[in-house]
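These notes are about the structure you will find just below.
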Number of protein chains: 4
Amino acid sequence: MNKAIDYENLSKKELNKIKKRKRLIESAYNCFLEKGFEKTTIGDITDGANVAKGTFYLYFKDKVQIQNVVTLYKSYGVIQQSLALSRERKFDDKTEEFIYFLNEIINYLENHTEMLNTIYNNLSKGIFNAILYQEGYEQERDSVNEIVLEFSNSFKNVIDPGEAREVLFIILEMVGGVCYNSIILNQPSNIEDMKLVLFKCIRKILS
Amino acid sequence: MNKAIDYENLSKKELNKIKKRKRLIESAYNCFLEKGFEKTTIGDITDGANVAKGTFYLYFKDKVQIQNVVTLYKSYGVIQQSLALSRERKFDDKTEEFIYFLNEIINYLENHTEMLNTIYNNLSKGIFNAILYQEGYEQERDSVNEIVLEFSNSFKNVIDPGEAREVLFIILEMVGGVCYNSIILNQPSNIEDMKLVLFKCIRKILS
Amino acid sequence: MNKAIDYENLSKKELNKIKKRKRLIESAYNCFLEKGFEKTTIGDITDGANVAKGTFYLYFKDKVQIQNVVTLYKSYGVIQQSLALSRERKFDDKTEEFIYFLNEIINYLENHTEMLNTIYNNLSKGIFNAILYQEGYEQERDSVNEIVLEFSNSFKNVIDPGEAREVLFIILEMVGGVCYNSIILNQPSNIEDMKLVLFKCIRKILS
Amino acid sequence: MNKAIDYENLSKKELNKIKKRKRLIESAYNCFLEKGFEKTTIGDITDGANVAKGTFYLYFKDKVQIQNVVTLYKSYGVIQQSLALSRERKFDDKTEEFIYFLNEIINYLENHTEMLNTIYNNLSKGIFNAILYQEGYEQERDSVNEIVLEFSNSFKNVIDPGEAREVLFIILEMVGGVCYNSIILNQPSNIEDMKLVLFKCIRKILS
DNA sequence: TATGAATGAGCTTTCATTCAT
DNA sequence: TATGAATGAAAGCTCATTCAT
């Protein structure tokens, strides 16, 4: 069982907390999209989530933390979706499945530049980096661990399981950096050209 | 005489005001680059310009106005520089000189994406649009008028001088829009491809 | 039951809020009397009420709003007091009781010209007019509604209950206008002469 | 010669200063009537007088001083006008002429309650009191001295010329106080009743 | 846990007053 | 004298954060 959170054994109370946290994250995401990070007040977020202002601080330290979580949360959504699509295809080769999975992430971001502009102009703060290892991101860390485990298992023959986590993060950081610079800034060149090189590198890493 | 402001006949006092205004604009530009628009306070701007807080309001109505002026000001800088480069080349053909001038603007923006990201993600608010005709932008308007005059003279045989201003603004708005969407968003395609089409259109307008 | 606010069923917290609001109103009243409206700062009001400056804005939108409420509040006090005195007399005739009530209001204002000068030179803004129907005056509106109800019941035989509110306000506006002009400006003549005519009119309305 | 200021021997420059001062006073008067004392800024006053802001401080110490001067100035205007009317009548009896003069002042104030409400709710600060003897009111003092001199001459048989000034001021203060309280506050009774008593007192003083 | 009233630091803005020219 | 640019104290108002209930 690789579920980090065993939803079936959670009490009603605990489920309620998780739901409330999710409502806060969704509300924050909508507010950030609508009015931007600075113009969004804690009151806006709690109003949108239908909770009292004080409740916010039971779930998040401050506005910066929920911004990070929103980024992580939305990143995680993209990754989950891309993962599902790659599994559907029932690849024989794990490497090709993984490349397909990365390609789906990139496609998604290409088609959702509004995410790259509002939330993901902090893409480097997202799932791909060190925030995860700080306090206050326990729940997100659990979610990410599932993916790490799957990656580790898939490539246990080529990647030392003790280093699988690091390799995955290096790869995702590469993807994230390339997406932001290429899609948003067109630097150093367009995303199609970048993908060719990127995937060549990744294939080498996984061989 | 196409100088809008006759700097040589200005009193010391008037020169001082222009300098102080420039200091405020430069300070605001630096602050916006460093901390972003929202995080920048009026105090930050006046500190950086070495003037008292109240002084800000002698020159600008509020933070939004100085942001617009910063954009205009920096735009104007780019345009001046591009204009100088195109003159240096001593073109025989006015159209080719103008195209070269536009190309230099585009090159500059390609190489200064930080400007496109901080100031110029409001490119449409810049030199290319209607803010100029509102109150509070008198000085900027003067600067822009010089360029309009030169354009009008260069193409008086093909463009009705009474419409020269409008034509120039249409062209600059085309350039501005293309730069923002192509360089920043890579939409609809990369800037090299866009330039070919863009210049073809402009040549037709000026023939 | 004609109590708009059921004080007995209020939680301690709600009672506290009502008390705090009252303290702010009393403090504002004292400040306005002492230093006048313009010279009074929000800080003066909150200092006098022993609360933090920010707290003011939990109860009132701005200084103009609390001024209106002070006027309403003090008006309401006068009306309550006059109402009590008229009930004490145990009139058989409702009209005479009502005239007596109005007379008490006028007597009070004659003897408290300082109120007419500080607060009530905006008498027309007081209980007698449309502010009550704007947002932000909910609590005052409740208080006034009690009086309307009593009036409506007393004269249900001569005044259509659906119009009782309007009739009462017309009468009070007459009284307010007459008091201000006659007591303060002695226009068109002194208050004793005015009262005779005024009460004659009102008796006709209620017959 | 009872002219305090010899206008014919003034240089053009000095006349100009007097005119400028008058413009400031008139502008202040208009502003105070329009927006009230507090809401009026020094800038409003100097704009209305067509002078620079700094110029204000060459003529007046601050806003309070010009308010006093406006009061004095306007008071002086009323007194001059009333004086002219009383002279026109060519009374034989100096006392009756003086009473007539006072009556004209009162009539004027009755018919210009807007002055009593804006400027003259500080009537006691006006011509009738001690401000005159402070610094910064030299020009106004000169104007008042003319009137004192005339009064002193008229009643030199009944009033010790060394006390004439004081007696006149006592009488004017009586008149001022009565006007304000009776016209504005209707206290202790209406102005017609008050006048009878007032004039009886004054006749005794001058007999 | 959840609430929302209370707080006060910190921001924007105004304007009386000064002072170099 | 006259000017008006410059100042900075002081006001209004917002909002992240705390804490008693």
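Quick note on naming: the chains in the structure tokens go A, B, ... in the order shown, residues restart at 1 in each chain, and ligands are numbered from 1 in order of appearance.
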### Task
Just the residues within 10 Å of Leu83 of chain C, please, counting only C-alpha atoms (C1' of nucleotides), with nothing from its chain fewer than 5 positions along; format it as a PyMOL selection string.
chain C and resi 77-78+88+97-98+100-102+104-105+147
May I have chain D as an mmCIF file with C-alpha atoms, in the first residue's frame, after a least-squares superposition on chain C that uses all C-alpha atoms paired in order?
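Here's the written file out-v2.cif:
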```
data_model
loop_
_atom_site.group_PDB
_atom_site.id
_atom_site.type_symbol
_atom_site.label_atom_id
_atom_site.label_comp_id
_atom_site.auth_asym_id
_atom_site.auth_seq_id
_atom_site.Cartn_x
_atom_site.Cartn_y
_atom_site.Cartn_z
ATOM 1 C CA MET D 1 -43.062 42.129 22.224
ATOM 2 C CA ASN D 2 -41.746 45.402 20.902
ATOM 3 C CA LYS D 3 -38.128 45.114 21.977
ATOM 4 C CA ALA D 4 -36.032 45.356 18.875
ATOM 5 C CA ILE D 5 -33.017 43.858 20.585
ATOM 6 C CA ASP D 6 -33.556 41.056 23.056
ATOM 7 C CA TYR D 7 -30.838 41.980 25.509
ATOM 8 C CA GLU D 8 -31.488 38.991 27.761
ATOM 9 C CA ASN D 9 -30.647 36.421 25.159
ATOM 10 C CA LEU D 10 -27.424 38.086 24.019
ATOM 11 C CA SER D 11 -24.171 36.311 24.715
ATOM 12 C CA LYS D 12 -21.551 38.030 26.855
ATOM 13 C CA LYS D 13 -19.558 38.649 23.684
ATOM 14 C CA GLU D 14 -22.444 40.352 21.932
ATOM 15 C CA LEU D 15 -23.196 42.510 24.959
ATOM 16 C CA ASN D 16 -19.577 43.520 25.035
ATOM 17 C CA LYS D 17 -19.778 44.698 21.445
ATOM 18 C CA ILE D 18 -22.831 46.783 22.168
ATOM 19 C CA LYS D 19 -21.093 48.348 25.164
ATOM 20 C CA LYS D 20 -18.007 49.124 23.104
ATOM 21 C CA ARG D 21 -20.106 50.756 20.413
ATOM 22 C CA LYS D 22 -21.830 52.868 23.066
ATOM 23 C CA ARG D 23 -18.478 53.914 24.518
ATOM 24 C CA LEU D 24 -17.362 55.058 21.079
ATOM 25 C CA ILE D 25 -20.550 57.072 20.580
ATOM 26 C CA GLU D 26 -20.274 58.723 23.994
ATOM 27 C CA SER D 27 -16.599 59.514 23.445
ATOM 28 C CA ALA D 28 -17.369 61.004 20.034
ATOM 29 C CA TYR D 29 -20.164 63.101 21.517
ATOM 30 C CA ASN D 30 -17.828 64.484 24.181
ATOM 31 C CA CYS D 31 -15.093 65.194 21.651
ATOM 32 C CA PHE D 32 -17.478 66.955 19.274
ATOM 33 C CA LEU D 33 -18.764 69.122 22.123
ATOM 34 C CA GLU D 34 -15.236 69.915 23.309
ATOM 35 C CA LYS D 35 -13.268 70.474 20.107
ATOM 36 C CA GLY D 36 -15.875 70.424 17.362
ATOM 37 C CA PHE D 37 -16.296 67.863 14.604
ATOM 38 C CA GLU D 38 -13.360 68.830 12.382
ATOM 39 C CA LYS D 39 -10.766 69.122 15.117
ATOM 40 C CA THR D 40 -11.743 65.745 16.564
ATOM 41 C CA THR D 41 -9.551 62.892 15.287
ATOM 42 C CA ILE D 42 -10.387 59.202 15.205
ATOM 43 C CA GLY D 43 -7.586 58.815 17.712
ATOM 44 C CA ASP D 44 -9.324 61.200 20.111
ATOM 45 C CA ILE D 45 -12.509 59.156 19.883
ATOM 46 C CA THR D 46 -10.820 55.772 20.393
ATOM 47 C CA ASP D 47 -8.651 57.123 23.222
ATOM 48 C CA GLY D 48 -11.769 58.360 24.994
ATOM 49 C CA ALA D 49 -13.416 54.980 24.485
ATOM 50 C CA ASN D 50 -10.340 53.023 25.575
ATOM 51 C CA VAL D 51 -10.102 50.978 22.391
ATOM 52 C CA ALA D 52 -7.515 50.745 19.630
ATOM 53 C CA LYS D 53 -7.750 52.969 16.587
ATOM 54 C CA GLY D 54 -8.483 50.087 14.238
ATOM 55 C CA THR D 55 -11.459 49.062 16.355
ATOM 56 C CA PHE D 56 -13.280 52.203 15.315
ATOM 57 C CA TYR D 57 -13.620 50.851 11.788
ATOM 58 C CA LEU D 58 -15.239 47.651 13.014
ATOM 59 C CA TYR D 59 -18.162 49.753 14.215
ATOM 60 C CA PHE D 60 -18.285 52.763 11.928
ATOM 61 C CA LYS D 61 -17.366 53.488 8.334
ATOM 62 C CA ASP D 62 -15.891 56.901 9.041
ATOM 63 C CA LYS D 63 -16.180 60.053 11.113
ATOM 64 C CA VAL D 64 -19.261 61.244 9.233
ATOM 65 C CA GLN D 65 -21.114 58.059 10.051
ATOM 66 C CA ILE D 66 -20.400 58.252 13.760
ATOM 67 C CA GLN D 67 -21.490 61.887 13.688
ATOM 68 C CA ASN D 68 -24.823 60.805 12.252
ATOM 69 C CA VAL D 69 -25.104 58.060 14.806
ATOM 70 C CA VAL D 70 -24.249 60.447 17.641
ATOM 71 C CA THR D 71 -27.040 62.683 16.420
ATOM 72 C CA LEU D 72 -29.459 59.779 16.109
ATOM 73 C CA TYR D 73 -28.370 58.370 19.442
ATOM 74 C CA LYS D 74 -28.779 61.610 21.305
ATOM 75 C CA SER D 75 -32.067 62.277 19.495
ATOM 76 C CA TYR D 76 -33.234 58.890 20.528
ATOM 77 C CA GLY D 77 -32.324 59.687 24.124
ATOM 78 C CA VAL D 78 -34.416 62.856 24.029
ATOM 79 C CA ILE D 79 -37.323 60.979 22.469
ATOM 80 C CA GLN D 80 -37.165 58.158 25.010
ATOM 81 C CA GLN D 81 -37.143 60.623 27.874
ATOM 82 C CA SER D 82 -40.028 62.618 26.443
ATOM 83 C CA LEU D 83 -41.928 59.404 25.821
ATOM 84 C CA ALA D 84 -41.461 58.337 29.434
ATOM 85 C CA LEU D 85 -42.709 61.704 30.706
ATOM 86 C CA SER D 86 -45.798 61.563 28.515
ATOM 87 C CA ARG D 87 -46.647 58.046 29.673
ATOM 88 C CA GLU D 88 -46.309 59.034 33.322
ATOM 89 C CA ARG D 89 -49.136 61.520 32.881
ATOM 90 C CA LYS D 90 -51.567 58.699 31.965
ATOM 91 C CA PHE D 91 -53.525 60.635 29.361
ATOM 92 C CA ASP D 92 -56.889 59.277 28.273
ATOM 93 C CA ASP D 93 -56.587 60.862 24.902
ATOM 94 C CA LYS D 94 -53.824 59.464 22.661
ATOM 95 C CA THR D 95 -53.597 62.690 20.660
ATOM 96 C CA GLU D 96 -53.035 64.798 23.756
ATOM 97 C CA GLU D 97 -50.440 62.309 24.961
ATOM 98 C CA PHE D 98 -48.658 62.597 21.629
ATOM 99 C CA ILE D 99 -48.762 66.405 21.641
ATOM 100 C CA TYR D 100 -47.427 66.372 25.192
ATOM 101 C CA PHE D 101 -44.646 64.105 24.053
ATOM 102 C CA LEU D 102 -43.705 66.466 21.215
ATOM 103 C CA ASN D 103 -43.850 69.418 23.580
ATOM 104 C CA GLU D 104 -41.377 67.697 25.888
ATOM 105 C CA ILE D 105 -38.955 67.221 22.983
ATOM 106 C CA ILE D 106 -39.190 70.889 22.190
ATOM 107 C CA ASN D 107 -38.699 71.902 25.818
ATOM 108 C CA TYR D 108 -35.640 69.738 26.046
ATOM 109 C CA LEU D 109 -34.066 71.251 22.949
ATOM 110 C CA GLU D 110 -34.834 74.766 24.155
ATOM 111 C CA ASN D 111 -32.933 74.022 27.339
ATOM 112 C CA HIS D 112 -30.018 72.310 25.624
ATOM 113 C CA THR D 113 -29.043 74.725 22.889
ATOM 114 C CA GLU D 114 -25.477 73.458 23.172
ATOM 115 C CA MET D 115 -26.778 70.252 21.603
ATOM 116 C CA LEU D 116 -28.508 72.236 18.863
ATOM 117 C CA ASN D 117 -25.277 74.100 18.207
ATOM 118 C CA THR D 118 -22.816 71.252 18.152
ATOM 119 C CA ILE D 119 -24.669 68.125 17.168
ATOM 120 C CA TYR D 120 -28.018 69.401 16.129
ATOM 121 C CA ASN D 121 -27.071 72.090 13.733
ATOM 122 C CA ASN D 122 -27.424 68.936 11.701
ATOM 123 C CA LEU D 123 -30.744 68.221 13.252
ATOM 124 C CA SER D 124 -32.234 67.511 9.854
ATOM 125 C CA LYS D 125 -29.678 64.713 9.563
ATOM 126 C CA GLY D 126 -30.884 63.269 12.850
ATOM 127 C CA ILE D 127 -33.576 60.856 13.752
ATOM 128 C CA PHE D 128 -35.942 62.702 11.509
ATOM 129 C CA ASN D 129 -34.509 61.747 8.165
ATOM 130 C CA ALA D 130 -33.315 59.372 5.557
ATOM 131 C CA ILE D 131 -29.981 58.331 6.971
ATOM 132 C CA LEU D 132 -31.812 55.687 8.938
ATOM 133 C CA TYR D 133 -32.511 53.792 5.780
ATOM 134 C CA GLN D 134 -28.900 53.585 4.761
ATOM 135 C CA GLU D 135 -26.526 50.774 5.643
ATOM 136 C CA GLY D 136 -24.561 51.034 8.841
ATOM 137 C CA TYR D 137 -27.390 52.261 11.018
ATOM 138 C CA GLU D 138 -29.016 48.902 11.768
ATOM 139 C CA GLN D 139 -28.901 49.264 15.517
ATOM 140 C CA GLU D 140 -30.361 52.752 15.467
ATOM 141 C CA ARG D 141 -33.095 51.655 13.105
ATOM 142 C CA ASP D 142 -34.146 48.994 15.573
ATOM 143 C CA SER D 143 -34.479 51.553 18.325
ATOM 144 C CA VAL D 144 -36.567 53.839 16.154
ATOM 145 C CA ASN D 145 -38.809 50.996 15.071
ATOM 146 C CA GLU D 146 -40.082 50.552 18.586
ATOM 147 C CA ILE D 147 -41.355 54.094 18.640
ATOM 148 C CA VAL D 148 -42.942 53.738 15.204
ATOM 149 C CA LEU D 149 -44.778 50.638 16.356
ATOM 150 C CA GLU D 150 -46.196 52.377 19.405
ATOM 151 C CA PHE D 151 -47.299 55.345 17.299
ATOM 152 C CA SER D 152 -48.881 53.053 14.748
ATOM 153 C CA ASN D 153 -50.876 51.219 17.418
ATOM 154 C CA SER D 154 -52.038 54.408 19.112
ATOM 155 C CA PHE D 155 -53.488 55.901 15.961
ATOM 156 C CA LYS D 156 -54.535 52.816 14.002
ATOM 157 C CA ASN D 157 -58.071 54.206 13.818
ATOM 158 C CA VAL D 158 -57.106 57.421 12.029
ATOM 159 C CA ILE D 159 -53.827 56.520 10.340
ATOM 160 C CA ASP D 160 -53.463 53.616 7.928
ATOM 161 C CA PRO D 161 -50.873 51.402 9.703
ATOM 162 C CA GLY D 162 -49.093 51.067 6.352
ATOM 163 C CA GLU D 163 -48.498 54.823 6.388
ATOM 164 C CA ALA D 164 -47.891 55.305 10.116
ATOM 165 C CA ARG D 165 -44.126 55.328 9.709
ATOM 166 C CA GLU D 166 -44.253 58.052 7.088
ATOM 167 C CA VAL D 167 -46.718 60.177 9.042
ATOM 168 C CA LEU D 168 -44.599 59.971 12.195
ATOM 169 C CA PHE D 169 -41.518 60.973 10.267
ATOM 170 C CA ILE D 170 -43.290 63.866 8.623
ATOM 171 C CA ILE D 171 -44.407 65.109 12.020
ATOM 172 C CA LEU D 172 -40.965 64.691 13.580
ATOM 173 C CA GLU D 173 -39.348 66.429 10.660
ATOM 174 C CA MET D 174 -41.761 69.316 11.124
ATOM 175 C CA VAL D 175 -40.850 69.468 14.787
ATOM 176 C CA GLY D 176 -37.133 69.209 14.050
ATOM 177 C CA GLY D 177 -37.216 71.872 11.387
ATOM 178 C CA VAL D 178 -39.266 74.214 13.515
ATOM 179 C CA CYS D 179 -36.959 73.741 16.510
ATOM 180 C CA TYR D 180 -33.792 74.416 14.591
ATOM 181 C CA ASN D 181 -35.054 77.465 12.738
ATOM 182 C CA SER D 182 -37.035 78.951 15.566
ATOM 183 C CA ILE D 183 -34.740 78.268 18.504
ATOM 184 C CA ILE D 184 -31.446 78.862 16.730
ATOM 185 C CA LEU D 185 -32.389 81.361 14.058
ATOM 186 C CA ASN D 186 -35.626 82.754 15.494
ATOM 187 C CA GLN D 187 -37.112 82.188 12.051
ATOM 188 C CA PRO D 188 -39.884 82.818 11.136
ATOM 189 C CA SER D 189 -40.741 83.768 14.698
ATOM 190 C CA ASN D 190 -40.093 82.670 18.266
ATOM 191 C CA ILE D 191 -40.671 79.119 19.395
ATOM 192 C CA GLU D 192 -43.732 79.899 21.552
ATOM 193 C CA ASP D 193 -45.640 81.351 18.600
ATOM 194 C CA MET D 194 -44.489 78.550 16.360
ATOM 195 C CA LYS D 195 -45.642 75.864 18.760
ATOM 196 C CA LEU D 196 -49.257 77.061 18.625
ATOM 197 C CA VAL D 197 -49.380 76.708 14.858
ATOM 198 C CA LEU D 198 -47.394 73.494 14.877
ATOM 199 C CA PHE D 199 -49.663 71.722 17.332
ATOM 200 C CA LYS D 200 -52.767 72.918 15.463
ATOM 201 C CA CYS D 201 -51.418 71.263 12.312
ATOM 202 C CA ILE D 202 -50.557 68.054 14.118
ATOM 203 C CA ARG D 203 -53.973 67.795 15.730
ATOM 204 C CA LYS D 204 -55.554 68.058 12.281
ATOM 205 C CA ILE D 205 -53.297 65.314 10.953
ATOM 206 C CA LEU D 206 -54.305 63.002 13.774
ATOM 207 C CA SER D 207 -58.052 63.670 13.649
#
```
Restrict the calculation to only C-alpha atoms (C1' of nucleotides), then for each residue of chain F with any atom at most 12 Å from an atom of chain D give the closest atom pair and their distance in Å to one decimal, rows by chain and rising residue number, as a tab-separated table.
```
residue	atom	partner	partner_atom	distance
F:DT1	C1'	D:Leu58	CA	8.7
F:DA2	C1'	D:Thr55	CA	6.4
F:DT3	C1'	D:Ala52	CA	6.1
F:DG4	C1'	D:Ala52	CA	6.6
F:DA5	C1'	D:Gly54	CA	10.7
```
### Distance of atom C1' of DT21 of chain F from atom C1' of DG10 of chain E, expressed in Å to one decimal place
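Going from atom C1' of DG10 of chain E over to atom C1' of DT21 of chain F covers 29.2 Å.
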#### Entry: Interface, chain E side, toward chain D (10 Å; only C-alpha atoms (C1' of nucleotides)) as a list in words
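Taken together, these residues fit the definition: DC15, DA16, DT17, DT18 and DC19 of chain E.
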### Message
For a test of reading the model, state the distance in Å between atom C1' of DA16 of chain F and atom C1' of DA6 of chain E, rounded to one decimal.
### Response
12.6 Å
### Atomic distance atom C1' of DT14 of chain F - atom C1' of DC11 of chain E, expressed in Å with one decimal
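So the two atoms, atom C1' of DT14 of chain F and atom C1' of DC11 of chain E, lie 8.1 Å apart.
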### Task
Pick out each residue of chain A that DSSP on the backbone tags as alpha helix (DSSP H); I need them as an MDAnalysis selection string.
chainID A and resid 12:39 42:49 53:59 63:88 94:111 113:118 138:154 161:179 191:205
